There are 2 protein chains.
Amino acid sequence: MKKLAFIGLGTMGMPMARNLLKAGYPLTVFNRTEAKAQELAQEGAQVAATPADAARGADVLFTNVSNDQALLDVLLGENGVLEGAHEGLTVLDCSTVSPETSRRAERELAARGASFLDTPVTGSKPAAIDGTLVFMVGGSEDVFRQHADLFETLGSRSIYLGPSGSGSSAKLAHNTIVGINALALAEGLSLAAKSGLDPEKFLGIVMAGAANSRQAELKGSKIITRNFETQFSLQLMLKDLLLAADQTAKFQLPLPLLHAASTLYQMGLSKGLGEQDLCSVIQCYEDWLGAQVAKPDAEQR
Amino acid sequence: MKKLAFIGLGTMGMPMARNLLKAGYPLTVFNRTEAKAQELAQEGAQVAATPADAARGADVLFTNVSNDQALLDVLLGENGVLEGAHEGLTVLDCSTVSPETSRRAERELAARGASFLDTPVTGSKPAAIDGTLVFMVGGSEDVFRQHADLFETLGSRSIYLGPSGSGSSAKLAHNTIVGINALALAEGLSLAAKSGLDPEKFLGIVMAGAANSRQAELKGSKIITRNFETQFSLQLMLKDLLLAADQTAKFQLPLPLLHAASTLYQMGLSKGLGEQDLCSVIQCYEDWLGAQVAKPDAEQR
């Protein structure tokens, strides 16, 4: 059975690593905050002292960290994966990073005889727990096929998209849509509330018709009941939109709604909402409304 | 059985009127372009010479016209509905107009002893044909209840929202979300295509995950296959967003994505796309891409 390693035991990484353990794979873990690694050690994982050590004994090493710099540190930094890289090692990176970073990681690992695929996911914490993530894969198609077992363990689908960076490109375009759809819901709810409508009834109409979206289904009732518990944090959404905006600048491709959306999440970050769920961005609109969308202010009609 | 009249036999009005006829209601119709009225005459409808004549013999008169001015002309203009209004007449307006126009119509008709509900719908041409529209209703709740039979004939749901104008307010907030979600899809597809991804595979990812929306389901494959046949025209979407923007100005409520969206559909109108489906707005992005999203230009990666 393949020997696995997992680096980055955050909101997504922890349940993914746990599903690999449950499926019976030998697993070595590394996490900057060691307590999380120790949690998995009690469930049967080995704990590595460094990313290099995690790589040395592994056939496949997963990374799931929060941004480009964290990935570069883990892979290329002191005691990083590259120092423990060997022929036969495959790194599967589930982080959301720029396609340029994915391609750089692929090149650096290839120079040591190791493989790298960018394999970001859609589906937040619940899908990571249930093993129903969808993987967007860039890199060698042969390497992708060799690890179908792992994608099947962690996800409901894995889609091969093309050369290195293709998975990261798809994830940024995907999250562009998520970020904008979430704000479409926030703007519609804000206008409805200010018009004196019951937000709950309005949400029912949204979900019954042409305005429905996965974001409306996932976040609509959370907004109305003021539940901003983090499934996907506002600051990570902002990070992804800024990475997408970098791509559009490189491509000289104006995407006006993406840019407006970035501004709104930036406002949310300034309000201190960064670690809350992305749907807490409604609070930016509520500053302008002078009311919560949960409680329509009928007098202001 | 209630005697009905229907004014405005457009994309939505024609199948709605036909469903009322099929349900056995005596129906009188009026349309500015008389040929459409004659088409229904062959199916058993009476044709009225003027809106006033249509109103005189009716218990319930439907209106479904394209904008505020058209509604005011039909109701309050020469030979308009108001001239034929009588106690016991109820006007159900399925047009998308401003809440102010709905409230004005209600006041004018009330002065003649007649009732008026704003009853705009979600669901485009197919839902009108299938009788699965969703009605958003503003006005007297008693009057709404009296006509449950008609809403059941034409729709799958009808939701009472509050006083006159509430239906129109909900429709504008609803279409704000639709208009933005459609552009979220267009921007994601544009970024994916420019990144060298296969738009069809990317659309599969969108529909599998957190980025999905009714717009992605309805319009995604149409965009990729260049099918811009009109289900809901770009110029009507623009009209609705401009009405929503009027509301936000009145409320002093900034909605940045709504405003960015209006600009994009305005660009589409300038390109001559007004009468095509709203998803033809992708062509604005394609001017910037220098390629169609149907055919990714891999060389530009």
# chains A, B, ... in the order shown; residues from 1 in each chain; ligands from 1

$ interface_residues --of "chain B" --to "chain A" --cutoff "7 Å" --atoms "only C-alpha atoms" --output "PyMOL selection string"
chain B and resi 122-123+161+166+169-170+173-178+180-181+184-185+187-188+191-192+195+197+202+206+209-215+253+255-257+260+288-289

$ write_last_selection --atoms "N, CA, C and O atoms" --output "short mmCIF file (atom, residue, chain, number, x, y, z; two decimals), in the first residue's frame"
data_model
loop_
_atom_site.label_atom_id
_atom_site.label_comp_id
_atom_site.auth_asym_id
_atom_site.auth_seq_id
_atom_site.Cartn_x
_atom_site.Cartn_y
_atom_site.Cartn_z
N THR B 122 -41.21 34.85 -11.50
CA THR B 122 -39.90 34.31 -11.88
C THR B 122 -40.13 33.00 -12.63
O THR B 122 -41.12 32.30 -12.41
N GLY B 123 -39.20 32.72 -13.51
CA GLY B 123 -39.40 31.61 -14.46
C GLY B 123 -39.59 32.25 -15.81
O GLY B 123 -40.40 33.18 -15.94
N LEU B 161 -46.41 38.93 -0.27
CA LEU B 161 -45.26 39.59 0.35
C LEU B 161 -45.59 40.83 1.15
O LEU B 161 -44.76 41.30 1.93
N SER B 166 -44.88 45.49 -3.08
CA SER B 166 -43.98 44.47 -2.50
C SER B 166 -43.57 43.43 -3.54
O SER B 166 -42.43 42.95 -3.53
N SER B 169 -40.99 45.09 -5.74
CA SER B 169 -39.72 45.21 -5.02
C SER B 169 -38.97 43.88 -5.02
O SER B 169 -37.76 43.82 -5.22
N ALA B 170 -39.71 42.80 -4.75
CA ALA B 170 -39.08 41.47 -4.70
C ALA B 170 -38.53 41.08 -6.06
O ALA B 170 -37.43 40.54 -6.16
N ALA B 173 -35.24 42.90 -6.71
CA ALA B 173 -34.14 42.32 -5.93
C ALA B 173 -33.77 40.94 -6.47
O ALA B 173 -32.59 40.57 -6.53
N HIS B 174 -34.78 40.18 -6.87
CA HIS B 174 -34.57 38.85 -7.47
C HIS B 174 -33.74 38.97 -8.75
O HIS B 174 -32.73 38.27 -8.94
N ASN B 175 -34.14 39.89 -9.63
CA ASN B 175 -33.43 39.99 -10.90
C ASN B 175 -32.05 40.64 -10.75
O ASN B 175 -31.17 40.41 -11.60
N THR B 176 -31.85 41.38 -9.68
CA THR B 176 -30.50 41.84 -9.35
C THR B 176 -29.59 40.63 -9.18
O THR B 176 -28.46 40.59 -9.72
N ILE B 177 -30.07 39.62 -8.47
CA ILE B 177 -29.27 38.41 -8.26
C ILE B 177 -29.07 37.66 -9.57
O ILE B 177 -27.96 37.23 -9.90
N VAL B 178 -30.14 37.52 -10.35
CA VAL B 178 -30.03 36.82 -11.64
C VAL B 178 -28.99 37.49 -12.54
O VAL B 178 -28.11 36.84 -13.10
N ILE B 180 -26.50 39.45 -11.81
CA ILE B 180 -25.12 39.32 -11.32
C ILE B 180 -24.63 37.89 -11.46
O ILE B 180 -23.50 37.65 -11.89
N ASN B 181 -25.48 36.91 -11.12
CA ASN B 181 -25.05 35.50 -11.25
C ASN B 181 -24.69 35.16 -12.70
O ASN B 181 -23.75 34.39 -12.94
N ALA B 184 -21.31 36.50 -13.21
CA ALA B 184 -20.31 35.69 -12.49
C ALA B 184 -19.90 34.51 -13.37
O ALA B 184 -18.71 34.21 -13.52
N LEU B 185 -20.89 33.87 -13.97
CA LEU B 185 -20.61 32.75 -14.88
C LEU B 185 -19.78 33.22 -16.07
O LEU B 185 -18.79 32.58 -16.44
N GLU B 187 -17.77 35.77 -16.27
CA GLU B 187 -16.40 36.14 -15.87
C GLU B 187 -15.57 34.89 -15.57
O GLU B 187 -14.40 34.80 -15.96
N GLY B 188 -16.17 33.92 -14.90
CA GLY B 188 -15.44 32.67 -14.62
C GLY B 188 -15.08 31.93 -15.90
O GLY B 188 -13.94 31.47 -16.07
N LEU B 191 -12.22 33.82 -17.68
CA LEU B 191 -10.91 33.60 -17.04
C LEU B 191 -10.41 32.18 -17.32
O LEU B 191 -9.23 31.97 -17.62
N ALA B 192 -11.31 31.22 -17.23
CA ALA B 192 -10.94 29.83 -17.50
C ALA B 192 -10.46 29.66 -18.94
O ALA B 192 -9.43 29.03 -19.20
N SER B 195 -7.16 31.10 -19.54
CA SER B 195 -6.13 30.28 -18.88
C SER B 195 -5.84 29.01 -19.66
O SER B 195 -5.02 28.20 -19.22
N LEU B 197 -8.10 26.59 -20.37
CA LEU B 197 -8.92 25.44 -19.98
C LEU B 197 -10.02 25.17 -21.00
O LEU B 197 -10.49 26.09 -21.68
N PHE B 202 -14.58 22.97 -17.58
CA PHE B 202 -14.70 23.96 -16.50
C PHE B 202 -16.15 24.10 -16.05
O PHE B 202 -16.44 24.15 -14.85
N VAL B 206 -17.92 23.83 -12.34
CA VAL B 206 -18.81 24.86 -11.78
C VAL B 206 -20.10 24.21 -11.28
O VAL B 206 -20.54 24.44 -10.15
N GLY B 209 -19.97 22.08 -7.99
CA GLY B 209 -19.48 22.61 -6.73
C GLY B 209 -20.16 23.86 -6.24
O GLY B 209 -21.30 24.18 -6.60
N ALA B 210 -19.43 24.58 -5.40
CA ALA B 210 -19.94 25.75 -4.71
C ALA B 210 -20.25 26.90 -5.65
O ALA B 210 -20.90 27.86 -5.27
N ALA B 211 -19.78 26.80 -6.91
CA ALA B 211 -19.99 27.89 -7.87
C ALA B 211 -21.28 27.71 -8.66
O ALA B 211 -21.63 28.57 -9.47
N ASN B 212 -22.01 26.63 -8.41
CA ASN B 212 -23.18 26.38 -9.25
C ASN B 212 -24.28 27.41 -9.01
O ASN B 212 -24.39 28.01 -7.94
N SER B 213 -25.09 27.61 -10.04
CA SER B 213 -26.24 28.50 -9.95
C SER B 213 -27.25 28.07 -11.01
O SER B 213 -26.92 27.33 -11.94
N ARG B 214 -28.46 28.53 -10.83
CA ARG B 214 -29.49 28.27 -11.84
C ARG B 214 -29.05 28.86 -13.18
O ARG B 214 -29.33 28.30 -14.23
N GLN B 215 -28.36 30.01 -13.13
CA GLN B 215 -27.88 30.62 -14.38
C GLN B 215 -26.83 29.73 -15.05
O GLN B 215 -26.82 29.61 -16.27
N LEU B 253 -28.47 53.35 -0.85
CA LEU B 253 -27.87 52.04 -0.56
C LEU B 253 -26.90 51.67 -1.67
O LEU B 253 -27.32 51.32 -2.77
N LEU B 255 -24.85 49.47 -3.97
CA LEU B 255 -24.76 48.04 -4.34
C LEU B 255 -23.77 47.95 -5.51
O LEU B 255 -24.16 47.96 -6.68
N PRO B 256 -22.47 47.83 -5.18
CA PRO B 256 -21.45 47.95 -6.23
C PRO B 256 -21.56 46.93 -7.36
O PRO B 256 -21.33 47.27 -8.52
N LEU B 257 -21.94 45.69 -7.03
CA LEU B 257 -22.01 44.69 -8.11
C LEU B 257 -23.20 44.93 -9.02
O LEU B 257 -23.11 44.73 -10.23
N ALA B 260 -21.97 47.59 -11.38
CA ALA B 260 -21.03 47.04 -12.37
C ALA B 260 -21.79 46.19 -13.40
O ALA B 260 -21.50 46.24 -14.60
N TRP B 288 -12.73 41.41 -25.26
CA TRP B 288 -11.49 41.62 -24.48
C TRP B 288 -10.59 40.38 -24.54
O TRP B 288 -9.37 40.49 -24.49
N LEU B 289 -11.23 39.20 -24.61
CA LEU B 289 -10.47 37.95 -24.69
C LEU B 289 -9.77 37.82 -26.02
O LEU B 289 -8.73 37.17 -26.13
#

$ select_by_dssp --residues "segment 90-211 of chain B" --states "alpha helix (DSSP H)" --output "ChimeraX atom specification"
/B:99-110,125-130,141-146,148-154,166-194,199-208

$ residues_around --residues "Leu236 of chain A" --least-positions-apart "5" --cutoff "12 Å" --atoms "only C-alpha atoms" --output "MDAnalysis selection string"
chainID A and resid 11 65:68 95:97 124 172 175 179 230:231 241:243 262 265:266 268:269 273:278

$ atom_distance --atom1 "atom CA of Asn19 of chain A" --atom2 "atom CA of Phe232 of chain A"
19.8 Å

$ decode --residues "segment 243-278 of chain B" --atoms "N, CA, C and O atoms" --output "compact mmCIF listing (two decimals), in the first residue's frame"
# COMPACT_ATOMS: atom_id res chain seq x y z
N LEU B 243 -34.00 49.72 -13.03
CA LEU B 243 -35.07 49.97 -12.05
C LEU B 243 -34.57 49.67 -10.64
O LEU B 243 -34.87 50.42 -9.69
N ALA B 244 -33.83 48.57 -10.49
CA ALA B 244 -33.27 48.24 -9.16
C ALA B 244 -32.31 49.33 -8.71
O ALA B 244 -32.31 49.74 -7.54
N ALA B 245 -31.51 49.83 -9.66
CA ALA B 245 -30.56 50.89 -9.32
C ALA B 245 -31.30 52.16 -8.88
O ALA B 245 -30.84 52.87 -7.98
N ASP B 246 -32.45 52.45 -9.52
CA ASP B 246 -33.27 53.60 -9.07
C ASP B 246 -33.66 53.43 -7.61
O ASP B 246 -33.65 54.39 -6.84
N GLN B 247 -34.03 52.20 -7.25
CA GLN B 247 -34.42 51.94 -5.85
C GLN B 247 -33.24 52.19 -4.92
O GLN B 247 -33.39 52.80 -3.86
N THR B 248 -32.05 51.70 -5.30
CA THR B 248 -30.90 51.87 -4.42
C THR B 248 -30.55 53.35 -4.26
O THR B 248 -30.13 53.77 -3.19
N ALA B 249 -30.75 54.13 -5.32
CA ALA B 249 -30.48 55.57 -5.22
C ALA B 249 -31.45 56.20 -4.22
O ALA B 249 -31.06 57.00 -3.37
N LYS B 250 -32.72 55.82 -4.33
CA LYS B 250 -33.74 56.34 -3.41
C LYS B 250 -33.40 55.97 -1.97
O LYS B 250 -33.57 56.76 -1.04
N PHE B 251 -32.92 54.73 -1.78
CA PHE B 251 -32.60 54.22 -0.44
C PHE B 251 -31.21 54.66 0.04
O PHE B 251 -30.83 54.33 1.17
N GLN B 252 -30.43 55.34 -0.82
CA GLN B 252 -29.03 55.67 -0.49
C GLN B 252 -28.27 54.41 -0.07
O GLN B 252 -27.56 54.38 0.93
N LEU B 253 -28.47 53.35 -0.85
CA LEU B 253 -27.87 52.04 -0.56
C LEU B 253 -26.90 51.67 -1.67
O LEU B 253 -27.32 51.32 -2.77
N PRO B 254 -25.60 51.75 -1.43
CA PRO B 254 -24.65 51.38 -2.49
C PRO B 254 -24.67 49.86 -2.72
O PRO B 254 -24.54 49.10 -1.77
N LEU B 255 -24.85 49.47 -3.97
CA LEU B 255 -24.76 48.04 -4.34
C LEU B 255 -23.77 47.95 -5.51
O LEU B 255 -24.16 47.96 -6.68
N PRO B 256 -22.47 47.83 -5.18
CA PRO B 256 -21.45 47.95 -6.23
C PRO B 256 -21.56 46.93 -7.36
O PRO B 256 -21.33 47.27 -8.52
N LEU B 257 -21.94 45.69 -7.03
CA LEU B 257 -22.01 44.69 -8.11
C LEU B 257 -23.20 44.93 -9.02
O LEU B 257 -23.11 44.73 -10.23
N LEU B 258 -24.31 45.38 -8.45
CA LEU B 258 -25.46 45.75 -9.29
C LEU B 258 -25.05 46.82 -10.30
O LEU B 258 -25.39 46.74 -11.48
N HIS B 259 -24.30 47.80 -9.83
CA HIS B 259 -23.92 48.89 -10.74
C HIS B 259 -22.93 48.43 -11.80
O HIS B 259 -23.06 48.78 -12.97
N ALA B 260 -21.97 47.59 -11.38
CA ALA B 260 -21.03 47.04 -12.37
C ALA B 260 -21.79 46.19 -13.40
O ALA B 260 -21.50 46.24 -14.60
N ALA B 261 -22.78 45.43 -12.91
CA ALA B 261 -23.56 44.57 -13.81
C ALA B 261 -24.33 45.40 -14.83
O ALA B 261 -24.37 45.08 -16.02
N SER B 262 -24.96 46.49 -14.35
CA SER B 262 -25.70 47.36 -15.27
C SER B 262 -24.80 47.84 -16.39
O SER B 262 -25.20 47.88 -17.56
N THR B 263 -23.56 48.19 -16.04
CA THR B 263 -22.62 48.69 -17.04
C THR B 263 -22.34 47.63 -18.10
O THR B 263 -22.31 47.92 -19.29
N LEU B 264 -22.17 46.38 -17.66
CA LEU B 264 -21.89 45.31 -18.63
C LEU B 264 -23.06 45.10 -19.59
O LEU B 264 -22.86 44.96 -20.80
N TYR B 265 -24.29 45.05 -19.06
CA TYR B 265 -25.45 44.86 -19.95
C TYR B 265 -25.64 46.08 -20.85
O TYR B 265 -26.08 45.96 -22.00
N GLN B 266 -25.29 47.26 -20.33
CA GLN B 266 -25.34 48.46 -21.17
C GLN B 266 -24.36 48.31 -22.33
O GLN B 266 -24.67 48.68 -23.47
N MET B 267 -23.17 47.76 -22.05
CA MET B 267 -22.20 47.51 -23.12
C MET B 267 -22.78 46.52 -24.14
O MET B 267 -22.60 46.69 -25.34
N GLY B 268 -23.48 45.51 -23.63
CA GLY B 268 -24.11 44.53 -24.52
C GLY B 268 -25.15 45.19 -25.42
O GLY B 268 -25.20 44.91 -26.63
N LEU B 269 -25.93 46.09 -24.84
CA LEU B 269 -26.93 46.81 -25.63
C LEU B 269 -26.25 47.64 -26.72
O LEU B 269 -26.68 47.64 -27.88
N SER B 270 -25.15 48.29 -26.36
CA SER B 270 -24.40 49.10 -27.34
C SER B 270 -23.85 48.24 -28.48
O SER B 270 -23.67 48.74 -29.59
N LYS B 271 -23.58 46.98 -28.17
CA LYS B 271 -23.08 46.08 -29.21
C LYS B 271 -24.21 45.53 -30.09
O LYS B 271 -23.95 44.70 -30.97
N GLY B 272 -25.44 45.92 -29.79
CA GLY B 272 -26.56 45.44 -30.60
C GLY B 272 -27.12 44.11 -30.15
O GLY B 272 -27.81 43.42 -30.89
N LEU B 273 -26.85 43.73 -28.87
CA LEU B 273 -27.30 42.43 -28.36
C LEU B 273 -28.64 42.50 -27.63
O LEU B 273 -29.08 41.50 -27.07
N GLY B 274 -29.28 43.67 -27.64
CA GLY B 274 -30.46 43.90 -26.81
C GLY B 274 -31.54 42.83 -26.90
O GLY B 274 -32.13 42.45 -25.90
N GLU B 275 -31.82 42.39 -28.13
CA GLU B 275 -32.93 41.45 -28.30
C GLU B 275 -32.51 39.99 -28.17
O GLU B 275 -33.34 39.09 -28.19
N GLN B 276 -31.21 39.75 -28.04
CA GLN B 276 -30.74 38.37 -27.81
C GLN B 276 -30.88 38.02 -26.34
O GLN B 276 -31.17 38.85 -25.50
N ASP B 277 -30.67 36.75 -26.05
CA ASP B 277 -30.75 36.33 -24.65
C ASP B 277 -29.70 37.07 -23.82
O ASP B 277 -28.63 37.43 -24.32
N LEU B 278 -30.01 37.25 -22.53
CA LEU B 278 -29.10 37.99 -21.66
C LEU B 278 -27.70 37.35 -21.64
O LEU B 278 -26.70 38.04 -21.43
